[in-house]
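A short worksheet on the structure shown next.
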Amino acid sequence: MQELVNTINGIIWSPALIALCLGAGLYFSIRSRFLQVRHAREMTRLMIDGKASDQGVSSFQALTMTLAGRVGTGNIAGVATAITFGGPGAVFWMWAVAFLGASSAFVESTLGQVYKEPINGQYRGGPAFYIEKGLGMKWYAWIFAIATVFATGLLLPGVQANSIGSGLQTAMGIDPNVTAAILAIALGFIIFGGVKRIATFAEIVVPFMALGYIIVACVVILLNLHQLPGVLKLIFSSAFGLDAGFGAMIGMAIQWGVKRGVYSNEAGQGTGPHASSAAEVTHPAKQGLVQGFSVYIDTLLVCSATAFMLLITGQYNVEGAGGKAIYTGVQGVAAGPGYVQTALENALPGFGSVFVAIALFFFAFTTIVAYYYIAETNIAYINRKVHRPWLTFALKVAMMIATVYGTVKTADMAWALGDIGVGLMAWLNLVAILLLRNVAFKCLNDYEAQKAAGLDPQFDPVAMGIDNADYWKVRAAKRLESMAGADGKAALKVGS
């Protein structure tokens, strides 16, 4: 079974997907004149702009729901795996994916907003919606929806749960079976509570966990500050083969950096648009910019924190073989959460291992919750025409079973299955957003023009020649009626 999974993984994560991830991000960056740099200040401002409504969540809640999915075991165990198999240079390529991926995140999340629709009193949107409405390919939309339910409902939760079980067992000796039971109960409480409970949970937990983790990482770095220049040199020399010892590892550094970068920040994968579509905003580009910034938080802050803790404490090993270096990570410690726990325990004895286990619990558990929301949104898409309530219930039960199973199965199988899910979604979504790129950039140009005129941007798809944006079409018409009514009342008041 492991061999079959590895074979499928190798096909999906071929050099073609690596090139597609980097190429799409580079193209979107150039086309948008590097919006991730030009609009960095606007991104931060928009994070706290807007309020929740009966149908939608606030921009900040949508951001935290997205971060719940982005910030997970990939930020801890994933970084450790990338460094183990790709060398320190993999960190640079994770940064590259984050920088370029911010533009991909803008495009996909803007499209999610453009083609969202209210279903059962809640905003729903994502790749399945914009593939059907924007490209007119219902069959393609269904393939994405089914693939996403399969990936986020069955494959990916196991990766997160496995890291939680492994981390708690290493730090506190807790049996994975006990952890599995706790996770199942906690997950059931959250996912049976609906979207609002998920949003509230993410809004409270995500900022707390990310900030706490970064603070501890900063403490470790400050305690070993004299090592920082050497660590930076190591990352860049390994990334470009400038050090003879790492010359043969450039390809592995790129492959693992991109692979784990996409797994961690999810830019272009198609997960981000689901949560961003739930936001109550006046223009799709607003949430697109917010989601672009979420990639920075995930990779440039949280992933970098893990990488620096691993490298600055010297927790890596290079063995010489035939004049070439072989990067093996920590000797005797498997790639994953144990690697990070070993590093932090050496830096902060009696605290490090337990802290990583607790961080993993919050990081990974919030990601599992986010995966449920993504899978549920695609079930909602499938149920739009014919209501099948049993599908949502089946998803909840299946996801709880997948979480329990993932907690106790081997890490290699969990990661391999997770990689298949991520890769499949990335292929389907990247092709779609490349085909729909003009819609996203129309929105960006319109947003920038209205901002330049000193206005609070309002979206009107009819004026922009964008079809099938039904929610926004109705909203714009109501807004014009409201304005006309206000003008009429003002004129009557003047006349009287």
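Residue numbers start at 1 in each chain; chains themselves are named A, B, ... in the order of the structure tokens; ligands are numbered from 1 in the order shown.
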Excluding Gln36 of chain A and its own-chain neighbours fewer than 6 positions away, which residues fall within 12 Å of it when counting only C-alpha atoms? Please give them as a PyMOL selection string.
chain A and resi 25-26+28-30+42-44+98-107+288-296
Just-selected residues, C-alpha atoms written as a compact mmCIF listing (two decimals), in the first residue's frame:
# COMPACT_ATOMS: atom_id res chain seq x y z
CA GLY A 25 2.89 32.81 -8.83
CA LEU A 26 5.54 34.59 -10.89
CA PHE A 28 0.44 36.74 -11.27
CA SER A 29 3.10 38.80 -9.49
CA ILE A 30 4.31 40.42 -12.71
CA GLU A 42 -3.46 48.06 2.51
CA MET A 43 -3.43 44.34 3.32
CA THR A 44 -2.83 45.01 6.99
CA ALA A 98 5.22 32.36 -0.09
CA PHE A 99 6.29 35.57 -1.83
CA LEU A 100 5.02 34.50 -5.24
CA GLY A 101 2.10 32.62 -3.74
CA ALA A 102 0.69 35.78 -2.15
CA SER A 103 -0.37 36.90 -5.64
CA SER A 104 -1.90 33.46 -6.33
CA ALA A 105 -3.80 33.70 -3.05
CA PHE A 106 -5.10 37.13 -4.09
CA VAL A 107 -6.36 35.82 -7.43
CA GLY A 288 -8.26 38.99 -1.93
CA LEU A 289 -5.68 41.35 -0.45
CA VAL A 290 -6.34 40.11 3.08
CA GLN A 291 -5.79 36.52 1.99
CA GLY A 292 -2.58 37.48 0.23
CA PHE A 293 -1.26 38.72 3.56
CA SER A 294 -2.24 35.47 5.28
CA VAL A 295 0.42 33.68 3.21
CA TYR A 296 3.06 35.98 4.69
Excluding Ala432 of chain A and any residue of its chain fewer than 4 positions from it, enumerate the residues within 9 Å of it, using only C-alpha atoms, and give them as a PyMOL selection string.
chain A and resi 127+130-131+135+427-428+436-437
Members of segment 271-432 of chain A assigned strand (DSSP E) by DSSP, as a short mmCIF file (atom, residue, chain, number, x, y, z; two decimals) with N, CA and C atoms, in the first residue's frame:
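Heads up, here's the output in states30.cif:
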data_model
loop_
_atom_site.label_atom_id
_atom_site.label_comp_id
_atom_site.auth_asym_id
_atom_site.auth_seq_id
_atom_site.Cartn_x
_atom_site.Cartn_y
_atom_site.Cartn_z
N VAL A 318 25.16 16.60 8.81
CA VAL A 318 25.60 16.38 7.43
C VAL A 318 26.68 15.32 7.44
N GLU A 319 26.42 14.24 6.73
CA GLU A 319 27.39 13.15 6.67
C GLU A 319 28.09 13.16 5.33
N GLY A 320 29.37 13.06 5.33
CA GLY A 320 30.12 13.04 4.09
C GLY A 320 30.09 11.65 3.47
N ALA A 321 29.93 11.60 2.15
CA ALA A 321 29.94 10.31 1.44
C ALA A 321 30.47 10.54 0.03
N LYS A 324 30.73 14.15 -1.12
CA LYS A 324 29.47 14.91 -1.18
C LYS A 324 28.75 14.84 0.16
N ALA A 325 28.02 15.90 0.46
CA ALA A 325 27.31 15.94 1.74
C ALA A 325 25.92 15.32 1.60
N ILE A 326 25.53 14.56 2.61
CA ILE A 326 24.18 14.01 2.66
C ILE A 326 23.51 14.60 3.90
N TYR A 327 22.43 15.32 3.69
CA TYR A 327 21.75 15.98 4.81
C TYR A 327 20.81 14.99 5.46
#
Using only C-alpha atoms, which residues sit within 8 Å of Asn224 of chain A once same-chain residues fewer than 4 positions away are excluded, as a PDB file with N, CA and C atoms, in the first residue's frame?
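Produced file around.pdb, reproduced below:
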ATOM      1  N   VAL A 220      14.371  31.900  21.449  1.00  0.00           N
ATOM      2  CA  VAL A 220      15.430  30.951  21.064  1.00  0.00           C
ATOM      3  C   VAL A 220      16.467  31.633  20.177  1.00  0.00           C
ATOM      4  N   LEU A 228      22.951  33.477  14.070  1.00  0.00           N
ATOM      5  CA  LEU A 228      22.016  33.853  13.008  1.00  0.00           C
ATOM      6  C   LEU A 228      22.686  34.112  11.657  1.00  0.00           C
ATOM      7  N   ILE A 312      19.388  27.230  14.057  1.00  0.00           N
ATOM      8  CA  ILE A 312      20.205  28.065  14.942  1.00  0.00           C
ATOM      9  C   ILE A 312      20.697  27.291  16.164  1.00  0.00           C
ATOM     10  N   THR A 313      19.988  26.223  16.514  1.00  0.00           N
ATOM     11  CA  THR A 313      20.414  25.389  17.639  1.00  0.00           C
ATOM     12  C   THR A 313      21.338  24.265  17.190  1.00  0.00           C
TER      13      THR A 313
END
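Going from atom CA of Phe355 of chain A over to atom CA of Val216 of chain A, you cover 9.0 Å.
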Once DSSP has gone over the backbone, tell me which residues of segment 261-473 of chain A are in alpha helix (DSSP H), as a PyMOL selection string.
chain A and resi 261-265+272-276+284-295+304-312+337-347+352-382+389-408+411-435+437-452+461-464+470-473
I want to know what sits within 6 Å of Leu360 of chain A, based on only C-alpha atoms, with residues of the same chain fewer than 4 positions away left out; could you give that as a ChimeraX atom specification?
/A:164,356,364
Output C-alpha atoms of each residue in that selection to a file, as a PDB file, in the first residue's frame.
ATOM      1  CA  ILE A 164      -0.703  15.748  17.361  1.00  0.00           C
ATOM      2  CA  VAL A 356       5.973  22.093  20.719  1.00  0.00           C
ATOM      3  CA  ALA A 364      -3.146  20.994  13.798  1.00  0.00           C
TER       4      ALA A 364
END
Looking at A:Gly270, A:Gly230, A:Gly173, A:Pro207, which one is nearest to Gly126 of chain A, with distances taken over only C-alpha atoms?
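Checking each of A:Gly270, A:Gly230, A:Gly173, A:Pro207 against Gly126 of chain A, counting only C-alpha atoms, the winner is A:Gly270.
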Considering only C-alpha atoms, tabulate each residue of segment 47-150 of chain A that lies at most 7 Å from segment 467-484 of chain A along with its nearest interatomic pair and the corresponding distance in Å to one decimal; arrange the rows by chain and ascending residue number and present them as CSV.
residue,atom,partner,partner_atom,distance
A:Val114,CA,A:Ala469,CA,5.9
A:Tyr115,CA,A:Ala469,CA,5.1
A:Lys116,CA,A:Tyr471,CA,6.9
A:Glu117,CA,A:Tyr471,CA,5.7
A:Lys133,CA,A:Asn468,CA,5.8
Which polymer residues have any atom within 8 Å of an atom of Phe236 of chain A, counting only C-alpha atoms, with same-chain residues fewer than 4 positions away left out, as a compact mmCIF listing (two decimals) with N, CA and C atoms, in the first residue's frame?
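Below you can see part_20.txt, which holds the result:
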# COMPACT_ATOMS: atom_id res chain seq x y z
N GLY A 89 18.49 24.64 2.36
CA GLY A 89 18.06 25.45 1.22
C GLY A 89 16.58 25.37 0.94
N PHE A 92 14.64 28.49 1.86
CA PHE A 92 14.60 29.60 0.90
C PHE A 92 13.48 29.41 -0.10
N LEU A 232 21.70 32.03 8.13
CA LEU A 232 21.27 32.65 6.87
C LEU A 232 22.18 32.25 5.72
N PHE A 240 21.22 27.45 -3.41
CA PHE A 240 21.78 27.67 -4.75
C PHE A 240 23.04 26.85 -5.01
N LEU A 242 25.88 26.95 -3.53
CA LEU A 242 27.10 27.74 -3.44
C LEU A 242 28.16 27.02 -2.61
If you count only C-alpha atoms, the residue of A:Ala253, A:Val219, A:Ile185, A:Ala305 closest to Ile76 of chain A turns out to be A:Ala305
re atom CA of Lys286 of chain A and atom CA of Thr299 of chain A: distance 21.2 Å
Atom-to-atom span, atom CA of Ser238 of chain A and atom CA of Ala359 of chain A, Å:
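According to the coordinates, atom CA of Ser238 of chain A and atom CA of Ala359 of chain A are separated by 28.5 Å.
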Can you work out which one of A:Ala62, A:Leu183, A:Ala463, A:Leu434 has the shortest atom-to-atom distance to Cys21 of chain A, counting only C-alpha atoms?
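Closest candidate: A:Leu434.
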